[in-house]
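Structure below is upload20.cif: mmCIF, C-alpha atoms and all ligand atoms.
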data_work
#
loop_
_atom_site.label_atom_id
_atom_site.label_comp_id
_atom_site.auth_asym_id
_atom_site.auth_seq_id
_atom_site.Cartn_x
_atom_site.Cartn_y
_atom_site.Cartn_z
CA MET A 1 0.00 0.00 0.00
CA THR A 2 1.23 3.45 -0.80
CA ALA A 3 1.44 5.77 2.17
CA HIS A 4 -0.16 9.21 2.11
CA ARG A 5 2.05 11.67 0.26
CA TYR A 6 2.49 13.97 3.25
CA SER A 7 4.21 11.42 5.45
CA LEU A 8 7.63 10.18 6.41
CA ALA A 9 6.62 6.68 5.31
CA TYR A 10 5.90 7.94 1.79
CA ALA A 11 9.26 9.74 1.57
CA GLN A 12 11.12 6.67 2.79
CA GLU A 13 9.30 4.49 0.29
CA ARG A 14 10.39 6.81 -2.50
CA ASP A 15 13.98 6.63 -1.27
CA ARG A 16 13.92 2.84 -1.30
CA GLU A 17 12.78 2.90 -4.94
CA ASP A 18 15.34 5.55 -5.96
CA PRO A 19 17.93 4.06 -8.34
CA LEU A 20 20.35 6.90 -7.48
CA ARG A 21 20.16 6.54 -3.70
CA LYS A 22 23.68 5.11 -3.39
CA PHE A 23 25.29 8.36 -4.52
CA LYS A 24 24.46 10.23 -1.29
CA SER A 25 27.15 8.27 0.54
CA ARG A 26 29.80 9.44 -1.95
CA PHE A 27 29.75 12.97 -0.50
CA TYR A 28 30.85 14.65 2.71
CA PHE A 29 28.13 16.59 4.54
CA PRO A 30 28.80 19.62 6.74
CA LYS A 31 27.71 19.54 10.37
CA VAL A 32 25.37 21.95 12.09
CA ASN A 33 25.16 21.72 15.91
CA GLY A 34 27.23 18.55 15.75
CA GLU A 35 24.88 16.76 13.38
CA GLU A 36 25.01 16.12 9.66
CA ALA A 37 23.10 18.91 7.97
CA ILE A 38 20.39 18.58 5.34
CA TYR A 39 22.16 20.39 2.57
CA PHE A 40 20.05 22.33 0.07
CA CYS A 41 22.74 24.75 -1.01
CA GLY A 42 24.29 23.00 -4.01
CA ASN A 43 23.22 26.01 -6.07
CA SER A 44 25.91 27.98 -4.23
CA LEU A 45 28.58 25.42 -3.39
CA GLY A 46 28.22 21.74 -4.17
CA LEU A 47 29.42 19.16 -1.64
CA GLN A 48 32.80 17.49 -1.75
CA PRO A 49 32.90 14.03 -3.31
CA LYS A 50 34.84 11.67 -1.03
CA ALA A 51 36.87 10.54 -4.06
CA VAL A 52 38.48 13.96 -4.43
CA LYS A 53 41.53 13.10 -2.32
CA GLU A 54 42.34 10.03 -4.41
CA TYR A 55 42.13 11.99 -7.69
CA LEU A 56 44.25 14.78 -6.27
CA GLU A 57 46.83 12.33 -5.01
CA ARG A 58 47.49 10.98 -8.49
CA ASP A 59 48.55 14.38 -9.76
CA LEU A 60 50.32 15.27 -6.52
CA ASP A 61 52.33 12.07 -6.93
CA SER A 62 53.22 12.94 -10.53
CA TRP A 63 54.35 16.34 -9.40
CA ALA A 64 56.41 14.85 -6.54
CA THR A 65 58.00 12.05 -8.52
CA LYS A 66 58.21 13.43 -12.07
CA ALA A 67 58.09 17.21 -11.57
CA VAL A 68 58.47 18.90 -14.96
CA ASP A 69 58.35 15.56 -16.79
CA GLY A 70 54.76 15.21 -15.59
CA HIS A 71 53.77 17.42 -18.52
CA PHE A 72 54.54 14.60 -20.97
CA ASP A 73 55.09 11.39 -18.94
CA GLY A 74 52.72 9.09 -17.15
CA GLU A 75 49.23 7.80 -17.79
CA GLU A 76 47.58 11.21 -17.98
CA PRO A 77 50.23 13.79 -18.84
CA TRP A 78 49.38 17.39 -17.98
CA PHE A 79 50.00 18.57 -21.53
CA SER A 80 46.52 17.25 -22.38
CA VAL A 81 44.91 17.79 -18.98
CA HIS A 82 42.06 19.74 -20.62
CA GLU A 83 41.10 16.58 -22.55
CA ARG A 84 40.17 14.64 -19.41
CA SER A 85 36.85 16.33 -18.81
CA LYS A 86 35.63 16.78 -22.38
CA ALA A 87 33.44 13.68 -22.73
CA ALA A 88 31.63 14.29 -19.44
CA LEU A 89 31.16 18.02 -20.04
CA ALA A 90 29.92 17.40 -23.59
CA GLU A 91 27.25 15.07 -22.24
CA ILE A 92 26.20 17.45 -19.48
CA VAL A 93 25.71 20.47 -21.77
CA GLY A 94 24.61 18.61 -24.91
CA ALA A 95 27.62 19.35 -27.08
CA LYS A 96 30.32 17.72 -29.17
CA LYS A 97 33.64 17.20 -27.45
CA HIS A 98 35.47 19.82 -29.52
CA GLU A 99 32.81 22.39 -28.53
CA VAL A 100 33.69 22.34 -24.82
CA VAL A 101 36.73 22.86 -22.68
CA ALA A 102 37.38 23.24 -18.96
CA MET A 103 39.37 26.40 -18.34
CA GLY A 104 39.75 29.58 -16.33
CA SER A 105 36.96 30.97 -14.20
CA LEU A 106 33.44 31.96 -15.06
CA THR A 107 33.53 35.75 -15.21
CA SER A 108 36.94 35.86 -16.90
CA ASN A 109 35.71 33.35 -19.44
CA LEU A 110 32.62 35.46 -20.08
CA HIS A 111 34.89 38.40 -20.84
CA ALA A 112 37.02 36.29 -23.19
CA LEU A 113 33.91 35.08 -25.00
CA MET A 114 32.37 38.54 -25.21
CA VAL A 115 35.53 39.76 -26.92
CA SER A 116 34.67 37.27 -29.66
CA PHE A 117 30.89 37.30 -29.67
CA TYR A 118 30.11 40.93 -28.88
CA GLN A 119 31.57 42.94 -31.71
CA PRO A 120 29.44 46.08 -31.99
CA ASP A 121 29.22 47.39 -35.52
CA GLY A 122 27.73 50.86 -36.04
CA LYS A 123 24.08 50.87 -35.08
CA ARG A 124 24.16 47.14 -34.31
CA ASN A 125 25.75 47.56 -30.90
CA LYS A 126 23.28 46.38 -28.26
CA ILE A 127 23.34 43.47 -25.82
CA LEU A 128 20.08 42.00 -24.58
CA THR A 129 19.99 40.42 -21.11
CA GLU A 130 17.56 39.68 -18.29
CA ALA A 131 16.83 42.34 -15.65
CA GLY A 132 18.19 41.39 -12.23
CA ALA A 133 21.04 39.30 -13.63
CA PHE A 134 23.76 38.05 -11.28
CA PRO A 135 25.96 41.07 -10.43
CA SER A 136 29.14 39.66 -11.95
CA ASP A 137 27.36 39.31 -15.28
CA MET A 138 26.01 42.86 -15.05
CA TYR A 139 29.49 44.22 -14.40
CA ALA A 140 30.94 42.14 -17.23
CA LEU A 141 28.36 43.47 -19.69
CA GLU A 142 28.70 47.07 -18.46
CA THR A 143 32.47 47.08 -18.83
CA GLN A 144 32.43 45.26 -22.17
CA VAL A 145 30.14 47.96 -23.50
CA LYS A 146 32.36 50.73 -22.10
CA HIS A 147 35.42 49.05 -23.57
CA HIS A 148 33.87 49.70 -26.98
CA GLY A 149 33.29 53.36 -26.07
CA LEU A 150 29.54 52.91 -25.65
CA ASP A 151 27.12 53.88 -22.89
CA PRO A 152 25.73 50.92 -20.89
CA SER A 153 22.41 52.69 -20.29
CA GLU A 154 21.87 52.77 -24.04
CA ALA A 155 23.61 49.64 -25.20
CA ILE A 156 22.23 47.17 -22.63
CA VAL A 157 18.61 46.16 -23.13
CA GLU A 158 17.05 44.46 -20.10
CA VAL A 159 13.92 42.34 -20.22
CA ALA A 160 12.02 42.37 -16.93
CA PRO A 161 9.05 40.51 -15.46
CA ARG A 162 5.70 42.25 -15.95
CA GLN A 163 4.23 44.32 -13.14
CA GLY A 164 3.12 41.99 -10.35
CA GLU A 165 4.96 38.97 -11.81
CA HIS A 166 8.24 37.41 -10.67
CA THR A 167 9.48 35.60 -13.73
CA ILE A 168 9.98 36.73 -17.30
CA ARG A 169 7.63 35.59 -20.02
CA THR A 170 9.29 33.98 -23.03
CA GLU A 171 7.01 35.98 -25.32
CA ASP A 172 8.37 39.20 -23.78
CA ILE A 173 11.97 38.13 -24.39
CA LEU A 174 11.19 37.21 -28.00
CA GLN A 175 9.29 40.46 -28.45
CA ALA A 176 12.23 42.50 -27.12
CA ILE A 177 14.60 40.73 -29.48
CA SER A 178 12.31 41.50 -32.38
CA THR A 179 11.82 45.13 -31.30
CA HIS A 180 15.60 45.68 -31.30
CA LYS A 181 16.34 43.51 -34.30
CA ASP A 182 18.29 46.15 -36.21
CA GLU A 183 20.44 47.11 -33.22
CA LEU A 184 21.20 43.84 -31.47
CA ALA A 185 24.76 42.55 -31.64
CA CYS A 186 24.44 39.96 -28.91
CA VAL A 187 22.04 38.25 -26.54
CA MET A 188 23.80 37.19 -23.32
CA MET A 189 21.69 36.07 -20.41
CA ALA A 190 21.34 33.35 -17.80
CA GLY A 191 20.14 29.92 -18.87
CA LEU A 192 18.67 29.46 -15.39
CA GLN A 193 18.05 32.60 -13.35
CA TYR A 194 19.88 32.39 -10.02
CA TYR A 195 17.29 34.34 -7.98
CA THR A 196 13.98 32.97 -9.25
CA GLY A 197 15.13 29.54 -10.46
CA GLN A 198 13.47 30.14 -13.85
CA VAL A 199 14.88 28.23 -16.83
CA PHE A 200 14.68 30.32 -19.96
CA ASP A 201 13.67 28.84 -23.30
CA MET A 202 17.21 28.81 -24.68
CA LYS A 203 16.18 27.16 -27.92
CA ALA A 204 13.54 29.78 -28.76
CA ILE A 205 15.74 32.67 -27.61
CA THR A 206 18.65 31.46 -29.75
CA LYS A 207 16.42 31.10 -32.79
CA ALA A 208 14.95 34.57 -32.32
CA GLY A 209 18.39 36.08 -31.72
CA HIS A 210 19.70 34.56 -34.94
CA GLU A 211 16.70 35.79 -36.89
CA ALA A 212 17.48 39.27 -35.59
CA GLY A 213 21.07 38.94 -36.79
CA ALA A 214 22.59 38.66 -33.29
CA LEU A 215 24.88 36.10 -31.69
CA VAL A 216 23.51 34.32 -28.63
CA GLY A 217 25.21 33.07 -25.48
CA PHE A 218 24.19 31.90 -22.02
CA ASP A 219 25.66 31.95 -18.54
CA LEU A 220 24.95 28.44 -17.33
CA ALA A 221 26.25 28.79 -13.75
CA HIS A 222 22.95 27.48 -12.34
CA ALA A 223 21.95 25.31 -15.26
CA VAL A 224 24.98 23.08 -15.70
CA GLY A 225 24.56 19.71 -14.02
CA ASN A 226 21.00 20.71 -13.15
CA ALA A 227 18.75 21.46 -16.13
CA PRO A 228 18.63 19.61 -19.48
CA LEU A 229 20.87 21.32 -22.03
CA ARG A 230 21.24 20.71 -25.77
CA LEU A 231 23.58 23.54 -26.70
CA HIS A 232 24.72 22.03 -29.98
CA ASP A 233 21.23 21.26 -31.28
CA TRP A 234 19.87 24.62 -30.16
CA VAL A 235 22.72 26.25 -32.13
CA VAL A 236 23.72 28.39 -29.17
CA ASP A 237 26.83 30.37 -30.20
CA PHE A 238 28.65 30.36 -26.86
CA ALA A 239 28.21 29.58 -23.18
CA ALA A 240 30.14 29.63 -19.93
CA TRP A 241 29.68 28.07 -16.51
CA CYS A 242 31.41 27.45 -13.20
CA SER A 243 32.04 24.02 -11.70
CA TYR A 244 31.60 24.65 -8.00
CA LYS A 245 27.78 24.84 -7.85
CA TYR A 246 25.90 21.77 -9.07
CA LEU A 247 29.10 20.31 -10.52
CA ASN A 248 30.53 19.80 -7.01
CA SER A 249 34.12 20.52 -8.04
CA GLY A 250 35.24 22.73 -5.17
CA PRO A 251 35.24 26.44 -4.30
CA GLY A 252 36.48 28.65 -7.12
CA ASN A 253 37.56 25.69 -9.18
CA VAL A 254 38.15 25.58 -12.95
CA ALA A 255 35.18 26.67 -15.06
CA GLY A 256 34.13 25.72 -18.60
CA ILE A 257 33.10 27.11 -21.96
CA PHE A 258 31.12 26.06 -25.01
CA VAL A 259 31.70 27.42 -28.51
CA HIS A 260 29.45 26.04 -31.24
CA GLU A 261 31.33 24.22 -33.97
CA ARG A 262 30.07 26.68 -36.55
CA HIS A 263 32.54 29.10 -34.94
CA GLY A 264 35.22 26.42 -34.51
CA ASP A 265 37.54 28.21 -36.90
CA ASN A 266 35.62 31.40 -37.61
CA PRO A 267 38.31 33.96 -38.54
CA LYS A 268 35.94 36.91 -38.07
CA LEU A 269 35.90 36.56 -34.31
CA ASN A 270 38.28 38.69 -32.27
CA ARG A 271 40.21 36.92 -29.55
CA PHE A 272 42.37 37.77 -26.59
CA ALA A 273 44.71 34.86 -27.06
CA GLY A 274 47.34 33.01 -25.08
CA TRP A 275 49.75 30.18 -25.83
CA TRP A 276 47.45 27.37 -24.71
CA GLY A 277 44.95 28.28 -27.44
CA HIS A 278 47.69 28.16 -30.05
CA ASP A 279 47.94 25.15 -32.37
CA GLU A 280 49.41 22.50 -30.09
CA LYS A 281 51.49 20.92 -32.85
CA VAL A 282 53.64 24.04 -33.01
CA ARG A 283 53.01 25.50 -29.57
CA PHE A 284 56.53 24.81 -28.35
CA LYS A 285 58.18 26.43 -31.33
CA MET A 286 57.49 29.61 -29.36
CA GLU A 287 57.04 31.70 -32.50
CA LYS A 288 55.10 34.85 -33.43
CA GLY A 289 51.69 34.69 -35.11
CA PHE A 290 48.73 33.21 -33.23
CA VAL A 291 47.17 30.17 -34.91
CA PRO A 292 44.13 29.07 -32.89
CA MET A 293 43.36 25.44 -32.14
CA TYR A 294 40.09 24.30 -33.70
CA GLY A 295 36.98 24.58 -31.54
CA ALA A 296 36.64 25.64 -27.93
CA ASP A 297 40.30 24.76 -27.28
CA GLY A 298 41.31 27.81 -29.30
CA TRP A 299 39.89 30.03 -26.53
CA GLN A 300 42.24 28.64 -23.87
CA THR A 301 44.80 31.18 -22.78
CA SER A 302 46.85 29.54 -20.03
CA ASN A 303 47.96 26.01 -19.31
CA GLY A 304 45.40 24.15 -17.24
CA ASN A 305 45.24 24.15 -13.44
CA VAL A 306 46.05 20.46 -12.98
CA LEU A 307 45.08 20.15 -9.32
CA GLY A 308 41.78 21.88 -9.98
CA MET A 309 41.15 19.63 -12.97
CA ALA A 310 41.77 16.56 -10.78
CA THR A 311 39.11 17.67 -8.30
CA HIS A 312 36.77 18.49 -11.19
CA GLN A 313 37.24 15.01 -12.61
CA ALA A 314 36.36 13.29 -9.34
CA SER A 315 32.95 14.90 -9.61
CA LEU A 316 32.47 14.53 -13.37
CA ASP A 317 33.06 10.78 -13.09
CA ILE A 318 30.14 10.62 -10.66
CA PHE A 319 27.97 12.48 -13.18
CA LYS A 320 29.04 10.04 -15.87
CA GLU A 321 28.17 7.09 -13.68
CA ALA A 322 24.77 8.46 -12.64
CA GLY A 323 23.85 9.85 -16.08
CA MET A 324 22.23 13.24 -16.69
CA GLU A 325 18.92 11.72 -17.76
CA ALA A 326 18.47 9.68 -14.60
CA LEU A 327 19.54 12.67 -12.52
CA ARG A 328 17.00 14.91 -14.20
CA GLN A 329 14.26 12.35 -13.75
CA LYS A 330 14.88 12.16 -10.02
CA SER A 331 15.32 15.92 -9.79
CA VAL A 332 11.87 16.56 -11.27
CA GLN A 333 10.33 14.19 -8.71
CA LEU A 334 12.30 15.53 -5.76
CA THR A 335 11.47 19.17 -6.49
CA GLY A 336 7.89 18.21 -7.31
CA PHE A 337 7.64 16.60 -3.86
CA LEU A 338 9.10 19.72 -2.22
CA GLU A 339 6.62 21.92 -4.09
CA TYR A 340 3.70 19.71 -3.07
CA LEU A 341 4.70 19.77 0.62
CA ILE A 342 5.21 23.54 0.67
CA ARG A 343 1.79 24.08 -0.88
CA GLU A 344 0.20 21.72 1.66
CA ILE A 345 1.82 23.64 4.51
CA SER A 346 1.32 27.21 3.40
CA GLY A 347 -2.03 26.61 1.71
CA GLY A 348 -3.77 29.90 1.09
CA SER A 349 -2.25 31.50 4.21
CA GLY A 350 -0.27 34.05 2.21
CA VAL A 351 2.84 33.74 4.41
CA LEU A 352 4.95 32.49 1.56
CA GLU A 353 4.85 32.15 -2.17
CA ILE A 354 6.89 29.99 -4.53
CA ILE A 355 8.16 32.32 -7.24
CA THR A 356 9.89 29.61 -9.31
CA PRO A 357 7.70 28.48 -12.21
CA SER A 358 5.77 25.28 -11.55
CA ALA A 359 6.17 23.90 -15.08
CA GLU A 360 8.88 21.25 -15.19
CA VAL A 361 10.60 22.65 -18.30
CA GLU A 362 10.83 26.08 -16.70
CA ARG A 363 12.87 25.09 -13.67
CA GLY A 364 15.76 23.02 -12.38
CA CYS A 365 15.94 21.66 -8.85
CA GLN A 366 15.76 25.00 -7.00
CA LEU A 367 12.62 26.54 -5.57
CA SER A 368 12.73 30.18 -4.52
CA LEU A 369 10.36 31.05 -1.70
CA LEU A 370 9.25 34.61 -1.18
CA ILE A 371 8.57 35.00 2.54
CA HIS A 372 5.83 37.54 3.19
CA LYS A 373 5.77 37.15 6.96
CA GLY A 374 8.48 36.25 9.44
CA GLY A 375 11.29 37.02 7.00
CA LYS A 376 14.78 36.08 8.04
CA THR A 377 13.70 34.71 11.44
CA VAL A 378 12.05 31.82 9.58
CA PHE A 379 15.26 31.17 7.67
CA ASP A 380 17.41 31.37 10.81
CA GLU A 381 15.14 28.81 12.44
CA PHE A 382 15.84 26.44 9.51
CA TYR A 383 19.54 26.71 10.19
CA ARG A 384 19.13 26.05 13.91
CA ASN A 385 17.33 22.88 12.87
CA GLY A 386 20.13 21.69 10.63
CA ILE A 387 18.90 22.87 7.23
CA VAL A 388 21.44 24.62 5.01
CA GLY A 389 19.63 26.72 2.40
CA ASP A 390 20.32 30.28 1.40
CA TRP A 391 18.88 33.67 2.04
CA ARG A 392 18.78 36.43 -0.58
CA ASN A 393 17.76 39.94 0.35
CA PRO A 394 15.17 41.29 0.64
CA ASN A 395 13.08 38.19 1.40
CA VAL A 396 13.84 35.12 -0.68
CA ILE A 397 14.90 31.69 0.54
CA ARG A 398 16.40 29.40 -2.10
CA ILE A 399 16.10 25.66 -1.52
CA ALA A 400 17.86 23.38 -3.97
CA PRO A 401 17.42 19.63 -3.44
CA THR A 402 19.93 17.93 -5.71
CA PRO A 403 19.36 14.45 -7.08
CA LEU A 404 22.92 13.30 -6.32
CA TYR A 405 22.96 13.82 -2.59
CA ASN A 406 19.48 14.71 -1.39
CA SER A 407 16.75 12.25 -0.54
CA PHE A 408 12.97 12.39 -0.36
CA GLU A 409 13.36 12.07 3.39
CA ASP A 410 15.53 15.23 3.43
CA VAL A 411 12.72 17.06 1.65
CA PHE A 412 10.13 15.72 4.06
CA ARG A 413 12.18 16.68 7.12
CA PHE A 414 12.63 20.17 5.69
CA ALA A 415 8.88 20.48 5.22
CA LYS A 416 8.26 19.57 8.85
CA ILE A 417 10.73 22.20 10.01
CA LEU A 418 9.17 24.75 7.68
CA GLU A 419 5.76 23.99 9.15
CA GLN A 420 7.04 24.45 12.72
CA SER A 421 8.97 27.62 11.89
CA LEU A 422 5.97 29.21 10.24
CA ALA A 423 3.78 28.31 13.20
CA LYS A 424 6.31 29.89 15.55
CA PHE A 425 7.14 33.09 13.70
CA THR A 426 4.13 34.11 11.65
C1 LIG A 501 27.88 31.95 -9.39
C2 LIG A 501 27.75 32.88 -10.52
C3 LIG A 501 28.83 33.68 -10.93
C4 LIG A 501 30.15 33.65 -10.20
O1 LIG A 501 31.20 34.06 -11.02
P1 LIG A 501 32.71 33.66 -10.72
O2 LIG A 501 33.45 34.27 -11.83
O3 LIG A 501 32.78 32.16 -10.69
O4 LIG A 501 33.07 34.21 -9.38
C5 LIG A 501 28.65 34.49 -12.03
N1 LIG A 501 27.47 34.53 -12.69
C6 LIG A 501 26.41 33.78 -12.31
C7 LIG A 501 25.12 33.87 -13.06
C8 LIG A 501 26.51 32.96 -11.21
O5 LIG A 501 25.45 32.24 -10.81
#

Exercise: express the given structure as structure tokens:
Amino acid sequence: MTAHRYSLAYAQERDREDPLRKFKSRFYFPKVNGEEAIYFCGNSLGLQPKAVKEYLERDLDSWATKAVDGHFDGEEPWFSVHERSKAALAEIVGAKKHEVVAMGSLTSNLHALMVSFYQPDGKRNKILTEAGAFPSDMYALETQVKHHGLDPSEAIVEVAPRQGEHTIRTEDILQAISTHKDELACVMMAGLQYYTGQVFDMKAITKAGHEAGALVGFDLAHAVGNAPLRLHDWVVDFAAWCSYKYLNSGPGNVAGIFVHERHGDNPKLNRFAGWWGHDEKVRFKMEKGFVPMYGADGWQTSNGNVLGMATHQASLDIFKEAGMEALRQKSVQLTGFLEYLIREISGGSGVLEIITPSAEVERGCQLSLLIHKGGKTVFDEFYRNGIVGDWRNPNVIRIAPTPLYNSFEDVFRFAKILEQSLAKFT
């Protein structure tokens, strides 16, 4: 017999049937008040896979025993360290291997890509983005525009939610692209909005952007390893992401980029180049005249951070083993369960509101809760009870149950604590 949905028995039953349940034990969990926390903050910093030490040790050993010869000797020489992650990243973002590379850090990579994909030309000089974008992205766009001698208040077009709404309608984004079709050089926005949890229709936006004569790119910081992505098929021109959120690769670790193969050797694109993007067959001739590698590799500037790549790989191998499709399937169920429980608890009371879209295709694992009463005291009570989520001013709590290391029981226990906190503080 199936237990009632709002019960611990139901949650535990779902966990028993979960084909991915074994992965939880592959991660370290932080402690709150001496007890293992329920961690819903993978949208900010993913947990450490226990295998990280072993992966790191391999490269630490090479460094200790081979030193400079580690670049060319051994099973996985550092010269091709950027090759290690390609297959896994390609699967996660829906790309071909030569379209992706792990490198640098997110905001720096965005700048490098904007140098190529934002080339204002006369009247066609605008960038379209979402209002309320992550600050780093806003600053990147502002300064890119200024770098070309333009005024951000004129050159940046922001699409905002309608009055009284929290998320942005696809039709409004497409309309804005069409309205500015003679002036748009580039569309650069989030794939999944960090504050509201909304997944944008990247396929439709890319198509509309191309019809308007613009190039289209996405910041996938919150989408990678979380939402389904088919960058190659959607003909997205470029994308960038970080690896320390859902990709569980460690604070500040190596990021990644996507460049569609139609730009694989596009000579019209400007670049700020470095030696690691130079044709590797002649890289060590150390001669003048930059000749880019084909594909995303041609955007590399520096030699790869080997220790960071090792940590990254420990996590990517888990993704490969679990499979993005299975992860997404569980994620939809887990977040659906969370949504159901929150609605049961808050009912029509008006104390809180889920601002993340309820349609599956319009969200990843995160739900953003707008707290109308009780505010931060409700959130602080969560923490006292061992729940790690995150608070965004003025009054949003983001809860991100991840399919790799969260269970249905975690979600149920959170709901119980939410119910008690609301009773206490509202
Ligand atoms: C997390 C995040 C960043 C962080 O940028 P770093 O360069 O890695 O510090 C930037 N943009 C978005 C949208 C993010 O979610």

Protein/DNA/RNA residues near (10.9, 25.8, -12.1), cut 8 Å, all atoms listed in the file, as a PDB file with C-alpha atoms, in the coordinates of the input:
ATOM      1  CA  GLY A 197      15.130  29.540 -10.460  1.00  0.00           C
ATOM      2  CA  GLN A 198      13.470  30.140 -13.850  1.00  0.00           C
ATOM      3  CA  VAL A 199      14.880  28.230 -16.830  1.00  0.00           C
ATOM      4  CA  THR A 356       9.890  29.610  -9.310  1.00  0.00           C
ATOM      5  CA  PRO A 357       7.700  28.480 -12.210  1.00  0.00           C
ATOM      6  CA  SER A 358       5.770  25.280 -11.550  1.00  0.00           C
ATOM      7  CA  ALA A 359       6.170  23.900 -15.080  1.00  0.00           C
ATOM      8  CA  GLU A 360       8.880  21.250 -15.190  1.00  0.00           C
ATOM      9  CA  VAL A 361      10.600  22.650 -18.300  1.00  0.00           C
ATOM     10  CA  GLU A 362      10.830  26.080 -16.700  1.00  0.00           C
ATOM     11  CA  ARG A 363      12.870  25.090 -13.670  1.00  0.00           C
ATOM     12  CA  GLY A 364      15.760  23.020 -12.380  1.00  0.00           C
ATOM     13  CA  CYS A 365      15.940  21.660  -8.850  1.00  0.00           C
ATOM     14  CA  GLN A 366      15.760  25.000  -7.000  1.00  0.00           C
ATOM     15  CA  LEU A 367      12.620  26.540  -5.570  1.00  0.00           C
TER      16      LEU A 367
END

_Give me the residues near A:Gly94 as a PyMOL selection string, where near means some atom within 12 Å (using only C-alpha atoms) and where sequence neighbours in that chain fewer than 6 positions away do not count._
chain A and resi 86-88+100+224-225+227-236+239+258-260+324-325

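Interatomic distance, atom CA of A:Arg14 to atom CA of A:Ile399: 19.7 Å.
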
*Selection within 7 Å of ligand LIG 501 (chain A) by only C-alpha atoms and all ligand atoms, output as a ChimeraX atom specification*: /A:44,105-108,133-134,136-137,190,194,219-222,242,252

Limited to C-alpha atoms, could you put the picked residues into a file as a tab-separated table (two decimals), keeping the file's coordinate frame?
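Result written to out-v9.tsv:
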chain	number	residue	atom	x	y	z
A	44	SER	CA	25.91	27.98	-4.23
A	105	SER	CA	36.96	30.97	-14.20
A	106	LEU	CA	33.44	31.96	-15.06
A	107	THR	CA	33.53	35.75	-15.21
A	108	SER	CA	36.94	35.86	-16.90
A	133	ALA	CA	21.04	39.30	-13.63
A	134	PHE	CA	23.76	38.05	-11.28
A	136	SER	CA	29.14	39.66	-11.95
A	137	ASP	CA	27.36	39.31	-15.28
A	190	ALA	CA	21.34	33.35	-17.80
A	194	TYR	CA	19.88	32.39	-10.02
A	219	ASP	CA	25.66	31.95	-18.54
A	220	LEU	CA	24.95	28.44	-17.33
A	221	ALA	CA	26.25	28.79	-13.75
A	222	HIS	CA	22.95	27.48	-12.34
A	242	CYS	CA	31.41	27.45	-13.20
A	252	GLY	CA	36.48	28.65	-7.12

*Measuring atom to atom with all atoms listed in the file, identify which of A:Ala67, A:Leu192, A:Ala240, A:Ala160 is nearest to A:Val101.*
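Once distances to A:Val101 are computed over all atoms listed in the file, the minimum belongs to A:Ala240.
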
Quick one: which stretch 187-292 of chain A residues come within 7 Å of stretch 308-313 of chain A, and what is the nearest atom pair for each with the distance in Å to one decimal, counting only C-alpha atoms, rows ordered by chain and ascending number, as a Markdown table?
| residue | atom | partner | partner_atom | distance |
| --- | --- | --- | --- | --- |
| A:Ser249 | CA | A:His312 | CA | 4.6 |
| A:Asn253 | CA | A:Gly308 | CA | 5.7 |
| A:Val254 | CA | A:Gly308 | CA | 6.0 |

Using the selection just defined, write its residues with C-alpha atoms as a PDB file, keeping the file's coordinate frame.
ATOM      1  CA  SER A 249      34.120  20.520  -8.040  1.00  0.00           C
ATOM      2  CA  ASN A 253      37.560  25.690  -9.180  1.00  0.00           C
ATOM      3  CA  VAL A 254      38.150  25.580 -12.950  1.00  0.00           C
TER       4      VAL A 254
END

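Between atom CA of A:Leu247 and atom CA of A:Gln333 the separation is 19.8 Å.
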
_With all atoms listed in the file as the counted atoms, please give the residues lying no more than 12 Å from A:Glu321, apart from itself and same-chain residues fewer than 2 positions off, as JSON, numbers by chain._
{"A": [19, 20, 22, 23, 88, 91, 314, 315, 316, 317, 318, 319, 323, 324, 325, 326, 327, 404]}

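For the choices A:Phe425, A:Phe238, A:Tyr28, A:Tyr55, the atom-to-atom distance to A:His263 is smallest for A:Phe238 when using only C-alpha atoms.
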
_I need the residue nearest A:Asn305 from this list: A:Lys24, A:Lys53, A:His71, A:His147. Use all atoms listed in the file for the distance._
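Of A:Lys24, A:Lys53, A:His71, A:His147, the one nearest A:Asn305 is A:His71, counting all atoms listed in the file.
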
_Point-to-point distance in Å for atom CA of A:Tyr39 and atom CA of A:Asn109_ =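 Calculated distance between atom CA of A:Asn109 and atom CA of A:Tyr39 is 28.9 Å.
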
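With distances restricted to only C-alpha atoms, A:Gly217 is the closest residue to A:Leu113 from A:Gly389, A:Gly264, A:Gly42, A:Gly217.
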